[in-house]
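Pasted below: model-v9.pdb, PDB, C-alpha atoms.
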```
ATOM      1  CA  ALA A   1     -33.677  62.312 -29.272  1.00  0.00           C
ATOM      2  CA  THR A   2     -32.705  61.952 -25.653  1.00  0.00           C
ATOM      3  CA  SER A   3     -31.153  64.789 -23.706  1.00  0.00           C
ATOM      4  CA  ILE A   4     -27.815  62.920 -23.685  1.00  0.00           C
ATOM      5  CA  LYS A   5     -27.832  62.644 -27.487  1.00  0.00           C
ATOM      6  CA  ILE A   6     -28.735  66.310 -27.798  1.00  0.00           C
ATOM      7  CA  ALA A   7     -25.860  67.249 -25.480  1.00  0.00           C
ATOM      8  CA  GLN A   8     -23.477  65.079 -27.530  1.00  0.00           C
ATOM      9  CA  ARG A   9     -24.613  66.763 -30.747  1.00  0.00           C
ATOM     10  CA  LEU A  10     -24.082  70.173 -29.186  1.00  0.00           C
ATOM     11  CA  VAL A  11     -20.526  69.234 -28.167  1.00  0.00           C
ATOM     12  CA  GLU A  12     -19.830  67.906 -31.687  1.00  0.00           C
ATOM     13  CA  TRP A  13     -21.232  71.064 -33.287  1.00  0.00           C
ATOM     14  CA  MET A  14     -19.163  73.292 -30.999  1.00  0.00           C
ATOM     15  CA  SER A  15     -16.035  71.258 -31.768  1.00  0.00           C
ATOM     16  CA  THR A  16     -16.676  71.460 -35.514  1.00  0.00           C
ATOM     17  CA  TRP A  17     -16.895  75.247 -35.371  1.00  0.00           C
ATOM     18  CA  GLY A  18     -14.137  75.730 -32.771  1.00  0.00           C
ATOM     19  CA  LEU A  19     -16.492  77.057 -30.099  1.00  0.00           C
ATOM     20  CA  VAL A  20     -16.321  76.746 -26.319  1.00  0.00           C
ATOM     21  CA  ASP A  21     -18.860  77.034 -23.510  1.00  0.00           C
ATOM     22  CA  VAL A  22     -17.606  80.177 -21.745  1.00  0.00           C
ATOM     23  CA  TRP A  23     -19.014  79.410 -18.305  1.00  0.00           C
ATOM     24  CA  ARG A  24     -17.824  75.788 -18.341  1.00  0.00           C
ATOM     25  CA  MET A  25     -14.349  76.850 -19.502  1.00  0.00           C
ATOM     26  CA  ARG A  26     -14.037  79.153 -16.488  1.00  0.00           C
ATOM     27  CA  HIS A  27     -15.739  76.759 -14.034  1.00  0.00           C
ATOM     28  CA  PRO A  28     -14.763  73.191 -15.011  1.00  0.00           C
ATOM     29  CA  ASP A  29     -15.569  71.638 -11.623  1.00  0.00           C
ATOM     30  CA  ILE A  30     -18.571  73.659 -10.437  1.00  0.00           C
ATOM     31  CA  ARG A  31     -22.140  72.418 -10.710  1.00  0.00           C
ATOM     32  CA  ASP A  32     -24.510  75.314 -11.243  1.00  0.00           C
ATOM     33  CA  TYR A  33     -27.787  75.532 -13.095  1.00  0.00           C
ATOM     34  CA  SER A  34     -29.742  78.022 -15.146  1.00  0.00           C
ATOM     35  CA  PHE A  35     -33.173  76.428 -14.987  1.00  0.00           C
ATOM     36  CA  TYR A  36     -35.276  74.440 -12.540  1.00  0.00           C
ATOM     37  CA  SER A  37     -38.233  72.396 -13.718  1.00  0.00           C
ATOM     38  CA  GLY A  38     -40.740  72.081 -10.903  1.00  0.00           C
ATOM     39  CA  LEU A  39     -42.720  69.593 -12.968  1.00  0.00           C
ATOM     40  CA  HIS A  40     -39.776  67.226 -13.382  1.00  0.00           C
ATOM     41  CA  ARG A  41     -37.954  68.370 -10.228  1.00  0.00           C
ATOM     42  CA  VAL A  42     -34.659  68.697 -12.059  1.00  0.00           C
ATOM     43  CA  HIS A  43     -32.027  71.412 -12.403  1.00  0.00           C
ATOM     44  CA  THR A  44     -30.386  71.890 -15.810  1.00  0.00           C
ATOM     45  CA  ARG A  45     -27.858  74.237 -17.372  1.00  0.00           C
ATOM     46  CA  ILE A  46     -29.630  74.920 -20.646  1.00  0.00           C
ATOM     47  CA  ASP A  47     -28.685  78.589 -20.962  1.00  0.00           C
ATOM     48  CA  ARG A  48     -25.161  78.921 -22.325  1.00  0.00           C
ATOM     49  CA  VAL A  49     -22.910  81.375 -24.079  1.00  0.00           C
ATOM     50  CA  VAL A  50     -20.624  79.880 -26.704  1.00  0.00           C
ATOM     51  CA  CYS A  51     -17.877  81.679 -28.585  1.00  0.00           C
ATOM     52  CA  THR A  52     -14.406  81.126 -29.995  1.00  0.00           C
ATOM     53  CA  ALA A  53     -11.678  80.150 -27.543  1.00  0.00           C
ATOM     54  CA  GLY A  54      -9.823  83.377 -28.354  1.00  0.00           C
ATOM     55  CA  LEU A  55     -12.782  85.529 -27.393  1.00  0.00           C
ATOM     56  CA  ALA A  56     -13.474  83.382 -24.322  1.00  0.00           C
ATOM     57  CA  ARG A  57      -9.945  84.044 -23.032  1.00  0.00           C
ATOM     58  CA  GLY A  58     -10.972  87.695 -22.706  1.00  0.00           C
ATOM     59  CA  MET A  59     -13.768  86.805 -20.281  1.00  0.00           C
ATOM     60  CA  THR A  60     -12.755  87.958 -16.819  1.00  0.00           C
ATOM     61  CA  HIS A  61     -15.899  86.949 -14.947  1.00  0.00           C
ATOM     62  CA  SER A  62     -18.898  84.683 -15.438  1.00  0.00           C
ATOM     63  CA  GLU A  63     -21.671  83.719 -13.056  1.00  0.00           C
ATOM     64  CA  TYR A  64     -25.285  82.663 -13.018  1.00  0.00           C
ATOM     65  CA  LEU A  65     -27.400  85.180 -11.113  1.00  0.00           C
ATOM     66  CA  ALA A  66     -30.562  84.575  -9.114  1.00  0.00           C
ATOM     67  CA  ARG A  67     -33.851  84.286 -10.998  1.00  0.00           C
ATOM     68  CA  THR A  68     -36.022  87.380 -10.920  1.00  0.00           C
ATOM     69  CA  ILE A  69     -38.742  87.852 -13.536  1.00  0.00           C
ATOM     70  CA  SER A  70     -38.001  84.728 -15.578  1.00  0.00           C
ATOM     71  CA  ASP A  71     -37.895  81.036 -14.794  1.00  0.00           C
ATOM     72  CA  HIS A  72     -34.263  81.040 -15.985  1.00  0.00           C
ATOM     73  CA  ASN A  73     -31.217  82.360 -14.154  1.00  0.00           C
ATOM     74  CA  PRO A  74     -29.437  85.091 -16.134  1.00  0.00           C
ATOM     75  CA  LEU A  75     -25.784  84.553 -17.018  1.00  0.00           C
ATOM     76  CA  LEU A  76     -23.516  87.525 -16.315  1.00  0.00           C
ATOM     77  CA  LEU A  77     -20.287  87.753 -18.336  1.00  0.00           C
ATOM     78  CA  THR A  78     -17.550  90.372 -18.227  1.00  0.00           C
ATOM     79  CA  LEU A  79     -15.382  90.710 -21.333  1.00  0.00           C
ATOM     80  CA  ARG A  80     -12.040  92.508 -21.320  1.00  0.00           C
ATOM     81  CA  VAL A  81     -11.509  94.265 -24.637  1.00  0.00           C
ATOM     82  CA  PRO A  82      -7.836  94.869 -25.428  1.00  0.00           C
ATOM     83  CA  GLN A  83      -6.972  98.540 -25.815  1.00  0.00           C
ATOM     84  CA  ASP A  84      -4.163  97.844 -28.271  1.00  0.00           C
ATOM     85  CA  ARG A  85      -6.090  95.709 -30.726  1.00  0.00           C
ATOM     86  CA  PRO A  86      -5.150  96.102 -34.386  1.00  0.00           C
ATOM     87  CA  PRO A  87      -7.370  98.328 -36.511  1.00  0.00           C
ATOM     88  CA  ILE A  88     -10.191  96.615 -38.330  1.00  0.00           C
ATOM     89  CA  PRO A  89      -9.549  96.795 -42.067  1.00  0.00           C
ATOM     90  CA  SER A  90     -12.277  98.419 -44.101  1.00  0.00           C
ATOM     91  CA  TRP A  91     -14.278  96.179 -46.370  1.00  0.00           C
ATOM     92  CA  LYS A  92     -15.493  97.149 -49.814  1.00  0.00           C
ATOM     93  CA  LEU A  93     -17.823  95.302 -52.120  1.00  0.00           C
ATOM     94  CA  ALA A  94     -16.172  94.386 -55.397  1.00  0.00           C
ATOM     95  CA  PRO A  95     -18.029  96.249 -58.189  1.00  0.00           C
ATOM     96  CA  ALA A  96     -18.064  93.046 -60.244  1.00  0.00           C
ATOM     97  CA  ALA A  97     -20.349  91.491 -57.634  1.00  0.00           C
ATOM     98  CA  LEU A  98     -23.082  93.942 -58.660  1.00  0.00           C
ATOM     99  CA  GLU A  99     -22.935  93.020 -62.335  1.00  0.00           C
ATOM    100  CA  ASP A 100     -25.575  90.660 -63.589  1.00  0.00           C
TER     101      ASP A 100
END
```
What would you get if you wrote out this structure as C-alpha coordinates?
Amino acid sequence: ATSIKIAQRLVEWMSTWGLVDVWRMRHPDIRDYSFYSGLHRVHTRIDRVVCTAGLARGMTHSEYLARTISDHNPLLLTLRVPQDRPPIPSWKLAPAALED
(Lines of atoms letter the chains of each structure in order from A and count residues from 1; the text may use other names and numbers.)
(Lines give C-alpha, C1' and ligand atoms only; values in the text may rest on other atoms or scores of the structure.)
Protein backbone atom coordinates (compact mmCIF):
# COMPACT_ATOMS: atom_id res chain seq x y z
CA ALA A 1 0.00 0.00 0.00
CA THR A 2 1.21 3.48 -0.76
CA SER A 3 1.65 6.08 1.94
CA ILE A 4 -1.37 7.98 0.57
CA LYS A 5 -3.58 4.89 0.87
CA ILE A 6 -2.30 4.25 4.38
CA ALA A 7 -3.09 7.85 5.35
CA GLN A 8 -6.59 7.51 3.86
CA ARG A 9 -7.18 4.31 5.83
CA LEU A 10 -6.03 6.02 9.01
CA VAL A 11 -8.48 8.89 8.43
CA GLU A 12 -11.30 6.40 7.76
CA TRP A 13 -10.46 4.41 10.89
CA MET A 14 -10.37 7.57 13.02
CA SER A 15 -13.70 8.70 11.58
CA THR A 16 -15.29 5.30 12.24
CA TRP A 17 -14.27 5.44 15.90
CA GLY A 18 -14.90 9.18 16.37
CA LEU A 19 -11.23 10.01 16.94
CA VAL A 20 -9.28 13.16 16.10
CA ASP A 21 -5.60 13.95 15.61
CA VAL A 22 -4.96 16.24 18.59
CA TRP A 23 -2.04 18.16 17.13
CA ARG A 24 -3.73 18.69 13.76
CA MET A 25 -6.95 19.83 15.45
CA ARG A 26 -5.02 22.54 17.30
CA HIS A 27 -2.75 23.43 14.36
CA PRO A 28 -4.79 23.07 11.14
CA ASP A 29 -2.53 25.28 9.01
CA ILE A 30 0.94 24.55 10.39
CA ARG A 31 3.38 22.19 8.72
CA ASP A 32 5.55 20.48 11.31
CA TYR A 33 7.15 17.07 11.34
CA SER A 34 8.04 14.36 13.82
CA PHE A 35 10.55 12.41 11.76
CA TYR A 36 13.22 13.07 9.16
CA SER A 37 14.50 10.30 6.92
CA GLY A 38 18.04 11.09 5.84
CA LEU A 39 17.95 8.16 3.44
CA HIS A 40 14.89 9.46 1.59
CA ARG A 41 15.46 13.13 2.50
CA VAL A 42 11.86 13.59 3.55
CA HIS A 43 10.10 14.97 6.62
CA THR A 44 6.95 13.20 7.82
CA ARG A 45 4.52 13.52 10.70
CA ILE A 46 4.20 9.86 11.62
CA ASP A 47 4.00 10.30 15.39
CA ARG A 48 0.48 11.28 16.40
CA VAL A 49 -1.82 11.29 19.38
CA VAL A 50 -5.44 10.45 18.62
CA CYS A 51 -8.34 10.61 21.05
CA THR A 52 -12.02 11.49 21.20
CA ALA A 53 -13.00 15.03 20.25
CA GLY A 54 -14.30 15.59 23.79
CA LEU A 55 -10.96 14.72 25.35
CA ALA A 56 -9.09 16.71 22.69
CA ARG A 57 -11.04 19.85 23.63
CA GLY A 58 -9.30 19.66 27.02
CA MET A 59 -5.87 19.94 25.40
CA THR A 60 -4.48 23.38 26.15
CA HIS A 61 -1.10 23.01 24.45
CA SER A 62 0.56 20.76 21.88
CA GLU A 63 3.93 21.02 20.20
CA TYR A 64 6.62 18.89 18.66
CA LEU A 65 9.90 19.28 20.55
CA ALA A 66 13.44 19.02 19.22
CA ARG A 67 14.93 15.55 18.76
CA THR A 68 17.32 14.47 21.48
CA ILE A 69 18.10 10.77 21.95
CA SER A 70 15.72 9.43 19.30
CA ASP A 71 15.34 9.98 15.59
CA HIS A 72 11.77 11.15 16.27
CA ASN A 73 10.65 14.47 17.71
CA PRO A 74 8.65 14.03 20.93
CA LEU A 75 5.12 15.43 21.04
CA LEU A 76 4.31 17.45 24.16
CA LEU A 77 0.63 17.72 25.13
CA THR A 78 -0.97 19.53 28.06
CA LEU A 79 -4.40 18.30 29.15
CA ARG A 80 -6.70 20.35 31.37
CA VAL A 81 -8.66 18.05 33.66
CA PRO A 82 -11.92 19.59 34.88
CA GLN A 83 -12.10 19.93 38.65
CA ASP A 84 -15.87 19.57 38.73
CA ARG A 85 -16.16 16.36 36.74
CA PRO A 86 -18.92 13.97 37.80
CA PRO A 87 -17.91 11.04 39.99
CA ILE A 88 -17.04 7.84 38.19
CA PRO A 89 -19.64 5.21 39.01
CA SER A 90 -18.30 2.03 40.53
CA TRP A 91 -18.44 -1.07 38.40
CA LYS A 92 -19.24 -4.53 39.69
CA LEU A 93 -19.07 -7.84 37.91
CA ALA A 94 -22.43 -9.55 37.73
CA PRO A 95 -22.17 -12.83 39.71
CA ALA A 96 -23.95 -14.64 36.88
CA ALA A 97 -20.95 -13.93 34.65
CA LEU A 98 -18.87 -16.27 36.82
CA GLU A 99 -21.26 -19.19 36.49
CA ASP A 100 -20.34 -21.85 34.00
With only C-alpha atoms as the counted atoms, please give the residues lying no more than 9 Å from segment 17-34 of chain A, apart from itself and same-chain residues fewer than 2 positions off, as a PyMOL selection string. chain A and resi 11-15+36+43-53+56-57+59-67+71-75+77
Gap from atom CA of Ala7 of chain A to atom CA of Leu79 of chain A - Å, one decimal: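 Atom CA of Leu79 of chain A lies 26.0 Å from atom CA of Ala7 of chain A.
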Would you compute, for all listed atoms of segment 12-18 of chain A, the axis-aligned bounding box grown by 8 Å on each side, and then report its centre and edge lengths in Å rounded to one decimal, as AutoDock Vina command-line options?
```
--center_x -17.7 --center_y 71.8 --center_z -33.3 --size_x 23.1 --size_y 23.8 --size_z 20.5
```
Point out the residue among A:Ile4, A:Leu55, A:Val42, A:Ile69 with the least atom-to-atom distance to Val81 of chain A, counting all atoms listed in the file.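 Ranked by minimum distance to Val81 of chain A, first place goes to A:Leu55.
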Model the absent atoms of segment 61-74 of chain A so that N, CA and C atoms are present, and write the result as a PDB file, in the frame of the given file.
```
ATOM      1  N   HIS A  61     -14.946  87.328 -15.994  1.00  0.00           N
ATOM      2  CA  HIS A  61     -15.899  86.949 -14.947  1.00  0.00           C
ATOM      3  C   HIS A  61     -17.112  86.304 -15.603  1.00  0.00           C
ATOM      4  N   SER A  62     -17.642  85.282 -14.969  1.00  0.00           N
ATOM      5  CA  SER A  62     -18.898  84.683 -15.438  1.00  0.00           C
ATOM      6  C   SER A  62     -19.601  84.048 -14.245  1.00  0.00           C
ATOM      7  N   GLU A  63     -20.893  84.317 -14.145  1.00  0.00           N
ATOM      8  CA  GLU A  63     -21.671  83.719 -13.056  1.00  0.00           C
ATOM      9  C   GLU A  63     -23.151  83.717 -13.406  1.00  0.00           C
ATOM     10  N   TYR A  64     -23.836  82.697 -12.919  1.00  0.00           N
ATOM     11  CA  TYR A  64     -25.285  82.663 -13.018  1.00  0.00           C
ATOM     12  C   TYR A  64     -25.840  83.464 -11.851  1.00  0.00           C
ATOM     13  N   LEU A  65     -26.771  84.351 -12.139  1.00  0.00           N
ATOM     14  CA  LEU A  65     -27.400  85.180 -11.113  1.00  0.00           C
ATOM     15  C   LEU A  65     -28.708  84.531 -10.663  1.00  0.00           C
ATOM     16  N   ALA A  66     -29.284  85.082  -9.623  1.00  0.00           N
ATOM     17  CA  ALA A  66     -30.562  84.575  -9.114  1.00  0.00           C
ATOM     18  C   ALA A  66     -31.689  84.912 -10.087  1.00  0.00           C
ATOM     19  N   ARG A  67     -32.667  84.028 -10.162  1.00  0.00           N
ATOM     20  CA  ARG A  67     -33.851  84.286 -10.998  1.00  0.00           C
ATOM     21  C   ARG A  67     -34.599  85.486 -10.443  1.00  0.00           C
ATOM     22  N   THR A  68     -35.179  86.259 -11.346  1.00  0.00           N
ATOM     23  CA  THR A  68     -36.022  87.380 -10.920  1.00  0.00           C
ATOM     24  C   THR A  68     -37.363  87.296 -11.626  1.00  0.00           C
ATOM     25  N   ILE A  69     -37.455  87.820 -12.837  1.00  0.00           N
ATOM     26  CA  ILE A  69     -38.742  87.852 -13.536  1.00  0.00           C
ATOM     27  C   ILE A  69     -38.934  86.685 -14.497  1.00  0.00           C
ATOM     28  N   SER A  70     -37.929  85.863 -14.663  1.00  0.00           N
ATOM     29  CA  SER A  70     -38.001  84.728 -15.578  1.00  0.00           C
ATOM     30  C   SER A  70     -37.860  83.431 -14.791  1.00  0.00           C
ATOM     31  N   ASP A  71     -38.134  82.322 -15.447  1.00  0.00           N
ATOM     32  CA  ASP A  71     -37.895  81.036 -14.794  1.00  0.00           C
ATOM     33  C   ASP A  71     -36.487  80.514 -15.089  1.00  0.00           C
ATOM     34  N   HIS A  72     -35.661  81.364 -15.701  1.00  0.00           N
ATOM     35  CA  HIS A  72     -34.263  81.040 -15.985  1.00  0.00           C
ATOM     36  C   HIS A  72     -33.355  82.003 -15.230  1.00  0.00           C
ATOM     37  N   ASN A  73     -32.206  81.503 -14.804  1.00  0.00           N
ATOM     38  CA  ASN A  73     -31.217  82.360 -14.154  1.00  0.00           C
ATOM     39  C   ASN A  73     -30.408  83.069 -15.236  1.00  0.00           C
ATOM     40  N   PRO A  74     -30.258  84.388 -15.146  1.00  0.00           N
ATOM     41  CA  PRO A  74     -29.437  85.091 -16.134  1.00  0.00           C
ATOM     42  C   PRO A  74     -27.962  84.748 -15.952  1.00  0.00           C
TER      43      PRO A  74
END
```
